[in-house]
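*Asks:* If it helps, the file is called coords-v2.csv and holds CSV, C-alpha atoms:
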```csv
chain,number,residue,atom,x,y,z
A,812,MET,CA,-58.5,56.8,-76.6
A,813,THR,CA,-58.4,53.6,-74.4
A,814,VAL,CA,-61.5,52.8,-72.3
A,815,THR,CA,-60.8,51.0,-69.1
A,816,ASP,CA,-63.4,48.5,-67.9
A,817,ASP,CA,-63.8,49.0,-64.1
A,818,ASN,CA,-65.6,45.6,-63.8
A,819,GLU,CA,-62.6,43.7,-65.3
A,820,ALA,CA,-61.7,40.9,-62.7
A,821,GLU,CA,-58.2,41.0,-61.2
A,822,PRO,CA,-56.2,37.7,-61.3
A,823,ALA,CA,-56.9,35.5,-58.3
A,824,LEU,CA,-54.1,34.9,-55.8
A,825,PRO,CA,-53.1,31.3,-55.0
A,826,VAL,CA,-54.7,29.9,-51.9
A,827,VAL,CA,-52.5,27.9,-49.5
A,828,LYS,CA,-54.3,24.9,-48.2
A,829,ALA,CA,-52.8,24.4,-44.7
A,830,ASP,CA,-55.2,21.6,-43.9
A,831,ASP,CA,-54.0,19.5,-46.9
A,832,ASP,CA,-50.4,19.9,-45.8
A,833,ASP,CA,-51.2,18.9,-42.2
A,834,ALA,CA,-53.1,15.9,-43.5
A,835,ALA,CA,-50.2,14.9,-45.7
A,836,ALA,CA,-47.8,15.2,-42.7
A,837,ALA,CA,-50.1,13.1,-40.6
A,838,ASP,CA,-50.2,10.4,-43.3
A,839,ASP,CA,-46.4,10.4,-43.4
A,840,ASP,CA,-46.2,10.0,-39.7
A,841,ALA,CA,-48.8,7.2,-39.7
A,842,ASP,CA,-46.8,5.4,-42.5
A,843,ALA,CA,-43.6,5.7,-40.6
A,844,GLU,CA,-45.2,4.4,-37.4
A,845,ALA,CA,-46.7,1.5,-39.3
A,846,LYS,CA,-43.3,0.6,-40.8
A,847,ALA,CA,-41.7,0.8,-37.4
A,848,LYS,CA,-44.3,-1.5,-35.9
A,849,ALA,CA,-44.0,-4.0,-38.8
A,850,ARG,CA,-40.2,-4.1,-38.5
A,851,SER,CA,-40.4,-4.5,-34.7
A,852,SER,CA,-42.8,-7.4,-35.2
A,853,SER,CA,-40.6,-9.0,-37.8
A,854,ILE,CA,-37.4,-8.7,-35.7
A,855,PHE,CA,-39.2,-10.2,-32.6
A,856,SER,CA,-40.6,-13.1,-34.7
A,857,LYS,CA,-37.0,-13.9,-35.8
A,858,LEU,CA,-35.6,-13.6,-32.2
A,859,LYS,CA,-38.4,-15.4,-30.4
A,860,SER,CA,-36.7,-18.8,-31.0
A,861,VAL,CA,-33.4,-17.4,-29.7
A,862,TYR,CA,-35.1,-16.2,-26.5
A,863,ILE,CA,-36.9,-19.5,-25.9
A,864,SER,CA,-33.7,-21.5,-26.6
A,865,VAL,CA,-31.7,-19.4,-24.2
A,866,PHE,CA,-34.5,-19.6,-21.6
A,867,ILE,CA,-34.7,-23.4,-21.7
A,868,ASP,CA,-30.9,-23.7,-21.6
A,869,VAL,CA,-30.4,-21.3,-18.7
A,870,ILE,CA,-33.2,-23.0,-16.7
A,871,GLY,CA,-30.9,-26.1,-16.7
A,872,VAL,CA,-28.0,-24.0,-15.3
A,873,GLY,CA,-30.3,-22.6,-12.6
A,874,LEU,CA,-31.3,-26.1,-11.7
A,875,VAL,CA,-27.8,-27.4,-11.0
A,876,ILE,CA,-26.1,-24.3,-9.4
A,877,PRO,CA,-27.6,-24.9,-5.9
A,878,VAL,CA,-27.0,-28.7,-6.0
A,879,LEU,CA,-23.5,-28.8,-7.6
A,880,PRO,CA,-21.5,-28.2,-4.3
A,881,TYR,CA,-23.5,-30.9,-2.5
A,882,LEU,CA,-22.9,-33.4,-5.4
A,883,ILE,CA,-19.2,-32.7,-5.1
A,884,LEU,CA,-19.1,-33.1,-1.4
A,885,SER,CA,-21.0,-36.4,-1.6
A,886,PHE,CA,-17.9,-38.1,-3.1
A,887,LYS,CA,-15.3,-39.6,-0.8
A,888,GLY,CA,-12.5,-37.3,0.1
A,889,ALA,CA,-14.0,-34.2,-1.4
A,890,GLY,CA,-13.9,-30.9,0.6
A,891,ALA,CA,-14.2,-27.2,0.2
A,892,SER,CA,-11.1,-26.9,-2.1
A,893,GLU,CA,-12.5,-29.6,-4.4
A,894,VAL,CA,-15.8,-27.6,-4.6
A,895,GLY,CA,-13.9,-24.5,-5.6
A,896,TRP,CA,-11.7,-26.2,-8.2
A,897,THR,CA,-14.7,-28.0,-9.8
A,898,ILE,CA,-16.7,-24.8,-10.1
A,899,ALA,CA,-13.6,-22.8,-11.3
A,900,VAL,CA,-12.8,-25.3,-14.0
A,901,TYR,CA,-16.0,-24.3,-15.8
A,902,SER,CA,-15.0,-20.6,-15.9
A,903,LEU,CA,-11.4,-21.4,-16.9
A,904,CYS,CA,-12.5,-23.5,-19.8
A,905,GLN,CA,-14.9,-20.8,-21.0
A,906,ILE,CA,-12.0,-18.5,-21.8
A,907,PRO,CA,-10.6,-20.5,-24.7
A,908,GLY,CA,-14.1,-22.0,-25.5
A,909,SER,CA,-15.7,-18.5,-26.0
A,910,LEU,CA,-12.8,-17.4,-28.3
A,911,VAL,CA,-13.1,-20.5,-30.5
A,912,PHE,CA,-16.8,-20.5,-30.6
A,913,GLY,CA,-16.9,-16.8,-31.5
A,914,PHE,CA,-14.5,-17.4,-34.4
A,915,VAL,CA,-16.5,-20.4,-35.6
A,916,SER,CA,-19.8,-18.6,-35.4
A,917,ASP,CA,-18.4,-15.7,-37.5
A,918,LYS,CA,-17.1,-18.2,-40.1
A,919,TYR,CA,-19.8,-20.8,-40.2
A,920,GLY,CA,-22.9,-19.1,-38.7
A,921,ARG,CA,-24.7,-18.5,-35.4
A,922,ARG,CA,-27.2,-21.4,-35.7
A,923,PRO,CA,-24.8,-24.4,-35.7
A,924,VAL,CA,-22.7,-22.9,-32.9
A,925,LEU,CA,-25.8,-22.2,-30.8
A,926,LEU,CA,-27.1,-25.7,-31.4
A,927,LEU,CA,-23.7,-27.2,-30.4
A,928,SER,CA,-23.5,-25.2,-27.3
A,929,ILE,CA,-27.0,-26.2,-26.1
A,930,PHE,CA,-26.4,-29.8,-26.9
A,931,PHE,CA,-23.1,-30.1,-25.1
A,932,SER,CA,-24.5,-28.2,-22.1
A,933,ALA,CA,-27.3,-30.8,-21.9
A,934,LEU,CA,-24.7,-33.6,-22.3
A,935,SER,CA,-22.6,-32.2,-19.5
A,936,PHE,CA,-25.6,-32.2,-17.1
A,937,LEU,CA,-26.3,-35.8,-18.1
A,938,LEU,CA,-22.6,-36.8,-17.4
A,939,CYS,CA,-22.7,-35.1,-14.0
A,940,GLY,CA,-25.8,-37.1,-13.1
A,941,LEU,CA,-24.1,-40.3,-14.1
A,942,ALA,CA,-20.9,-39.5,-12.4
A,943,THR,CA,-19.5,-42.0,-9.8
A,944,ASN,CA,-16.4,-40.0,-8.9
A,945,LEU,CA,-15.2,-36.4,-8.6
A,946,GLN,CA,-12.9,-36.7,-11.7
A,947,PHE,CA,-15.9,-37.5,-13.8
A,948,VAL,CA,-17.7,-34.4,-12.6
A,949,ILE,CA,-14.7,-32.2,-13.3
A,950,MET,CA,-14.5,-33.6,-16.9
A,951,ALA,CA,-18.2,-32.9,-17.4
A,952,ARG,CA,-17.9,-29.4,-16.1
A,953,ALA,CA,-14.8,-28.8,-18.4
A,954,ILE,CA,-16.8,-29.9,-21.4
A,955,SER,CA,-19.7,-27.6,-20.4
A,956,GLY,CA,-17.2,-24.7,-20.0
A,957,LEU,CA,-15.5,-25.3,-23.4
A,958,THR,CA,-18.9,-25.3,-25.2
A,959,GLY,CA,-20.9,-23.0,-23.0
A,960,GLY,CA,-21.1,-20.0,-25.4
A,961,SER,CA,-24.8,-20.0,-26.0
A,962,ILE,CA,-25.5,-16.6,-24.4
A,963,SER,CA,-22.7,-14.8,-26.3
A,964,VAL,CA,-23.7,-16.4,-29.6
A,965,ALA,CA,-27.3,-15.4,-28.9
A,966,GLN,CA,-26.2,-11.8,-28.4
A,967,ALA,CA,-24.2,-12.0,-31.7
A,968,TYR,CA,-27.4,-13.3,-33.3
A,969,VAL,CA,-29.3,-10.2,-32.0
A,970,ALA,CA,-26.6,-7.9,-33.4
A,971,ASP,CA,-26.9,-9.6,-36.8
A,972,VAL,CA,-30.6,-8.7,-37.2
A,973,THR,CA,-30.9,-5.3,-35.6
A,974,THR,CA,-29.5,-1.8,-36.1
A,975,ILE,CA,-27.4,0.0,-33.6
A,976,GLU,CA,-30.5,2.0,-32.5
A,977,GLU,CA,-32.6,-1.2,-32.0
A,978,ARG,CA,-29.9,-3.3,-30.4
A,979,PRO,CA,-30.1,-2.2,-26.7
A,980,LYS,CA,-33.8,-3.1,-26.6
A,981,TYR,CA,-33.4,-6.7,-27.9
A,982,LEU,CA,-30.1,-7.3,-26.0
A,983,GLY,CA,-32.0,-6.2,-22.8
A,984,LEU,CA,-34.6,-8.9,-23.5
A,985,ILE,CA,-31.9,-11.5,-23.5
A,986,GLY,CA,-30.9,-10.3,-20.1
A,987,ALA,CA,-34.5,-10.4,-18.9
A,988,THR,CA,-34.8,-14.0,-20.3
A,989,ILE,CA,-31.8,-15.1,-18.3
A,990,GLY,CA,-33.1,-13.5,-15.2
A,991,VAL,CA,-36.5,-15.2,-15.4
A,992,ALA,CA,-34.8,-18.5,-16.2
A,993,PHE,CA,-32.6,-18.2,-13.1
A,994,THR,CA,-35.7,-17.4,-11.1
A,995,PHE,CA,-37.5,-20.6,-12.0
A,996,GLY,CA,-34.5,-22.9,-12.3
A,997,PRO,CA,-33.7,-23.4,-8.6
A,998,GLY,CA,-37.3,-23.8,-7.7
A,999,ILE,CA,-37.7,-26.6,-10.3
A,1000,GLY,CA,-34.6,-28.2,-8.9
A,1001,ALA,CA,-35.9,-28.1,-5.4
A,1002,ALA,CA,-39.2,-29.5,-6.4
A,1003,THR,CA,-37.4,-32.4,-8.3
A,1004,ALA,CA,-35.3,-33.2,-5.2
A,1005,ALA,CA,-38.4,-33.1,-3.0
A,1006,ILE,CA,-40.4,-35.4,-5.2
A,1007,MET,CA,-37.5,-37.9,-5.3
A,1008,GLU,CA,-37.1,-37.7,-1.6
A,1009,SER,CA,-40.8,-38.5,-1.0
A,1010,ALA,CA,-40.3,-41.4,-3.4
A,1011,GLY,CA,-37.6,-42.9,-1.1
A,1012,ALA,CA,-34.6,-41.9,-3.2
A,1013,SER,CA,-31.2,-41.6,-1.5
A,1014,VAL,CA,-29.4,-38.2,-1.2
A,1015,GLN,CA,-27.0,-39.1,-4.0
A,1016,GLN,CA,-30.0,-40.1,-6.2
A,1017,GLN,CA,-31.7,-36.8,-5.5
A,1018,TYR,CA,-28.6,-34.9,-6.6
A,1019,SER,CA,-28.4,-37.0,-9.8
A,1020,GLY,CA,-32.1,-36.5,-10.4
A,1021,VAL,CA,-31.7,-32.8,-10.5
A,1022,PHE,CA,-28.9,-33.0,-13.1
A,1023,PHE,CA,-31.0,-35.4,-15.1
A,1024,MET,CA,-33.9,-32.9,-15.1
A,1025,ALA,CA,-31.4,-30.1,-16.2
A,1026,SER,CA,-30.3,-32.4,-19.0
A,1027,LEU,CA,-33.9,-32.9,-20.0
A,1028,PHE,CA,-34.4,-29.2,-20.2
A,1029,GLY,CA,-31.2,-28.8,-22.2
A,1030,PHE,CA,-32.2,-31.5,-24.8
A,1031,LEU,CA,-35.6,-29.9,-25.1
A,1032,GLY,CA,-34.0,-26.6,-25.8
A,1033,PHE,CA,-31.8,-28.3,-28.4
A,1034,VAL,CA,-34.8,-29.9,-30.2
A,1035,TYR,CA,-36.7,-26.6,-30.1
A,1036,ALA,CA,-33.8,-24.7,-31.6
A,1037,GLN,CA,-33.2,-27.4,-34.2
A,1038,ARG,CA,-36.7,-27.1,-35.4
A,1039,ASN,CA,-37.3,-23.3,-35.2
A,1040,LEU,CA,-34.0,-21.5,-35.2
A,1041,GLU,CA,-32.9,-19.9,-38.5
A,1042,GLU,CA,-29.6,-18.6,-39.6
A,1043,PRO,CA,-29.7,-14.7,-39.4
A,1044,SER,CA,-28.8,-12.6,-42.4
A,1045,THR,CA,-26.7,-9.5,-41.9
A,1046,ASP,CA,-28.7,-7.8,-44.8
A,1047,GLU,CA,-31.6,-7.6,-42.3
A,1048,THR,CA,-29.9,-4.8,-40.4
A,1049,ARG,CA,-30.5,-2.5,-43.4
A,1050,ASP,CA,-33.9,-0.9,-43.5
A,1051,GLY,CA,-35.8,0.5,-46.4
A,1052,ASP,CA,-34.0,3.9,-46.2
A,1053,GLY,CA,-30.6,2.2,-46.7
A,1054,ASP,CA,-29.3,2.9,-43.2
A,1055,SER,CA,-26.7,0.5,-41.9
A,1056,ASP,CA,-24.4,0.0,-39.0
A,1057,GLU,CA,-21.5,1.2,-41.2
A,1058,LYS,CA,-23.3,4.6,-41.7
A,1059,ALA,CA,-24.2,4.8,-38.0
A,1060,LEU,CA,-20.6,4.2,-37.1
A,1061,THR,CA,-19.2,6.9,-39.5
A,1062,LYS,CA,-18.1,10.0,-37.7
A,1063,PRO,CA,-19.8,13.3,-38.6
A,1064,GLY,CA,-17.9,15.2,-41.3
A,1065,LYS,CA,-16.1,12.1,-42.6
A,1066,GLU,CA,-17.0,9.8,-45.4
A,1067,ALA,CA,-17.1,6.1,-44.8
```
Step by step, read the file and then write its structure as structure tokens.
*Replies:*
Amino acid sequence: MTVTDDNEAEPALPVVKADDDDAAAADDDADAEAKAKARSSSIFSKLKSVYISVFIDVIGVGLVIPVLPYLILSFKGAGASEVGWTIAVYSLCQIPGSLVFGFVSDKYGRRPVLLLSIFFSALSFLLCGLATNLQFVIMARAISGLTGGSISVAQAYVADVTTIEERPKYLGLIGATIGVAFTFGPGIGAATAAIMESAGASVQQQYSGVFFMASLFGFLGFVYAQRNLEEPSTDETRDGDGDSDEKALTKPGKEA
């Protein structure tokens, strides 16, 4: 005969600790947020020199745009058609220049091409300031157009160090940088001309002075980029989870 002990304890059921699960999820979210902030800070520190270089370079462009037509008209025999052709030669030369610079930057790197572009932009402003005839100005603008790929190379630089999801934000910052530079450029040019006028400079000297100031900004941008700009690495577009542009571009349901 078997005697059953009524006081025998039943096996305890497992207790689900919801609070522990919530705490673990919160820790995971905090870690992900910390990693995202760290990556954003790392990317911006790499791109800061690009933004500053583009800003200084574009300020020079903003300086000369309002003055260039008057510089052209100051030469003997120049009229509205000469103004149009001189301005158009820059855009015409940018077509082959951008193609060549894009190929060279892919093959030899963004940094040397960006440096070349900023340097020759500054040199073209200097040549315009030294010009004594219209042909000299046209030649200088042609040089500037052929080598004026700093913005497109800067955008390629951004693409090299960001993922597809991050890219719009940092490309937008390049657009904002250009807008701010164009805002300050004409004002600095006007101030330069006013200072020279008060110093008794002729009209021709005032125009040249604005181009010399633009050249100064360009060479400052070149020196800054030479000292601070680093060559980007395409490996930086891959984060700790192994995501890459190639994965992002793969269509759903298909293997890369």
*Asks:* For a test of reading the model, state the distance in Å between atom CA of Leu874 of chain A and atom CA of Ala992 of chain A, rounded to one decimal.
*Replies:*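 Result for atom CA of Leu874 of chain A versus atom CA of Ala992 of chain A: 9.5 Å, one decimal.
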*Asks:* For Thr958 of chain A, which residue out of A:Ala970, A:Ala1001, A:Val911, A:Leu945 is the nearest one, using only C-alpha atoms?
*Replies:*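 Going through A:Ala970, A:Ala1001, A:Val911, A:Leu945 one by one, the smallest distance to Thr958 of chain A is for A:Val911.
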*Asks:* Nearest residue to Gly1032 of chain A out of A:Ala967, A:Val875, A:Val900, A:Ala933, using only C-alpha atoms?
*Replies:*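 Closest to Gly1032 of chain A, using only C-alpha atoms: A:Ala933.
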*Asks:* Can you tell me, as a tab-separated table (two decimals) with C-alpha atoms, keeping the file's coordinate frame, what residues are no more than 8 Å from Ser932 of chain A when counting only C-alpha atoms, ignoring any on the same chain fewer than 3 positions away?
*Replies:*
```tsv
chain	number	residue	atom	x	y	z
A	868	ASP	CA	-30.90	-23.70	-21.60
A	928	SER	CA	-23.50	-25.20	-27.30
A	929	ILE	CA	-27.00	-26.20	-26.10
A	935	SER	CA	-22.60	-32.20	-19.50
A	936	PHE	CA	-25.60	-32.20	-17.10
A	954	ILE	CA	-16.80	-29.90	-21.40
A	955	SER	CA	-19.70	-27.60	-20.40
A	958	THR	CA	-18.90	-25.30	-25.20
A	959	GLY	CA	-20.90	-23.00	-23.00
A	1026	SER	CA	-30.30	-32.40	-19.00
A	1029	GLY	CA	-31.20	-28.80	-22.20
```
*Asks:* Which residue, A:Ala891, A:Cys904, A:Val1034, A:Ala1012, has the smallest gap to Leu926 of chain A when you use all atoms listed in the file?
*Replies:*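 Counting all atoms listed in the file, the residue closest to Leu926 of chain A is A:Val1034.
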*Asks:* Find the distance between atom CA of Phe914 of chain A and atom CA of Arg850 of chain A and write it in Å to one decimal.
*Replies:* 29.2 Å
*Asks:* Please indicate the distance in Å from atom CA of Thr973 of chain A to atom CA of Val991 of chain A, rounded to one decimal place.
*Replies:*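 The value is 23.2 Å.
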*Asks:* Check the smallest atom-to-atom distance from each of A:Lys980, A:Thr943, A:Thr974, A:Ile962 to Lys887 of chain A using only C-alpha atoms, then report the winner.
*Replies:*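 The answer is A:Thr943, which sits nearest to Lys887 of chain A.
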*Asks:* Env of Val869 of chain A: 8 Å cut, atoms = all atoms listed in the file, seq-sep filter 6 positions within chain, self excluded. Answer as a compact mmCIF listing (two decimals) with C-alpha atoms, in the coordinates of the input.
*Replies:*
```
# COMPACT_ATOMS: atom_id res chain seq x y z
CA ILE A 989 -31.80 -15.10 -18.30
CA ALA A 992 -34.80 -18.50 -16.20
CA PHE A 993 -32.60 -18.20 -13.10
CA GLY A 996 -34.50 -22.90 -12.30
```
*Asks:* Considering only C-alpha atoms, state which residue in the set A:Met1024, A:Leu1031, A:Ile985, A:Ala899 is at the smallest distance from Ala1004 of chain A.
*Replies:*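 Of A:Met1024, A:Leu1031, A:Ile985, A:Ala899, the one nearest Ala1004 of chain A is A:Met1024, counting only C-alpha atoms.
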*Asks:* Which polymer residues, protein or nucleic acid, are no farther than 10 Å from (-34.0, -22.0, -36.9), counting all atoms listed in the file, as a list in words?
*Replies:*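 Neighbouring residues, ordered by chain and number, come to Lys857, Leu858, Ser860, Val861, Arg922, Pro923, Leu926, Tyr1035, Ala1036, Gln1037, Arg1038, Asn1039, Leu1040, Glu1041, Glu1042 and Pro1043 of chain A.
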*Asks:* Name the residues in contact with Ala1002 of chain A at a cut-off of 12 Å, using all atoms listed in the file, excluding same-chain residues fewer than 2 positions from it; report them as a list in words.
*Replies:*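 Surrounding residues, per the criterion: Leu874, Phe995, Gly996, Pro997, Gly998, Ile999, Gly1000, Ala1004, Ala1005, Ile1006, Met1007, Glu1008, Ser1009, Gln1017, Tyr1018, Gly1020, Val1021 and Met1024 of chain A.
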*Asks:* Residues near Gly960 of chain A, anyone? I mean within 8 Å using all atoms listed in the file, not counting same-chain ones fewer than 4 positions away, as a PDB file with C-alpha atoms, keeping the file's coordinate frame.
*Replies:*
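Result file follows (around-v2.pdb):
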```pdb
ATOM      1  CA  GLN A 905     -14.900 -20.800 -21.000  1.00  0.00           C
ATOM      2  CA  GLY A 908     -14.100 -22.000 -25.500  1.00  0.00           C
ATOM      3  CA  SER A 909     -15.700 -18.500 -26.000  1.00  0.00           C
ATOM      4  CA  PHE A 912     -16.800 -20.500 -30.600  1.00  0.00           C
ATOM      5  CA  LEU A 925     -25.800 -22.200 -30.800  1.00  0.00           C
ATOM      6  CA  SER A 928     -23.500 -25.200 -27.300  1.00  0.00           C
ATOM      7  CA  VAL A 964     -23.700 -16.400 -29.600  1.00  0.00           C
TER       8      VAL A 964
END
```
*Asks:* When you look at Phe1023 of chain A with a cut-off of 8 Å (counting all atoms listed in the file), what residues show up, excluding the ones that are within fewer than 4 positions of it in the same chain? I need them as a PyMOL selection string.
*Replies:* chain A and resi 936-937+940+1019+1027
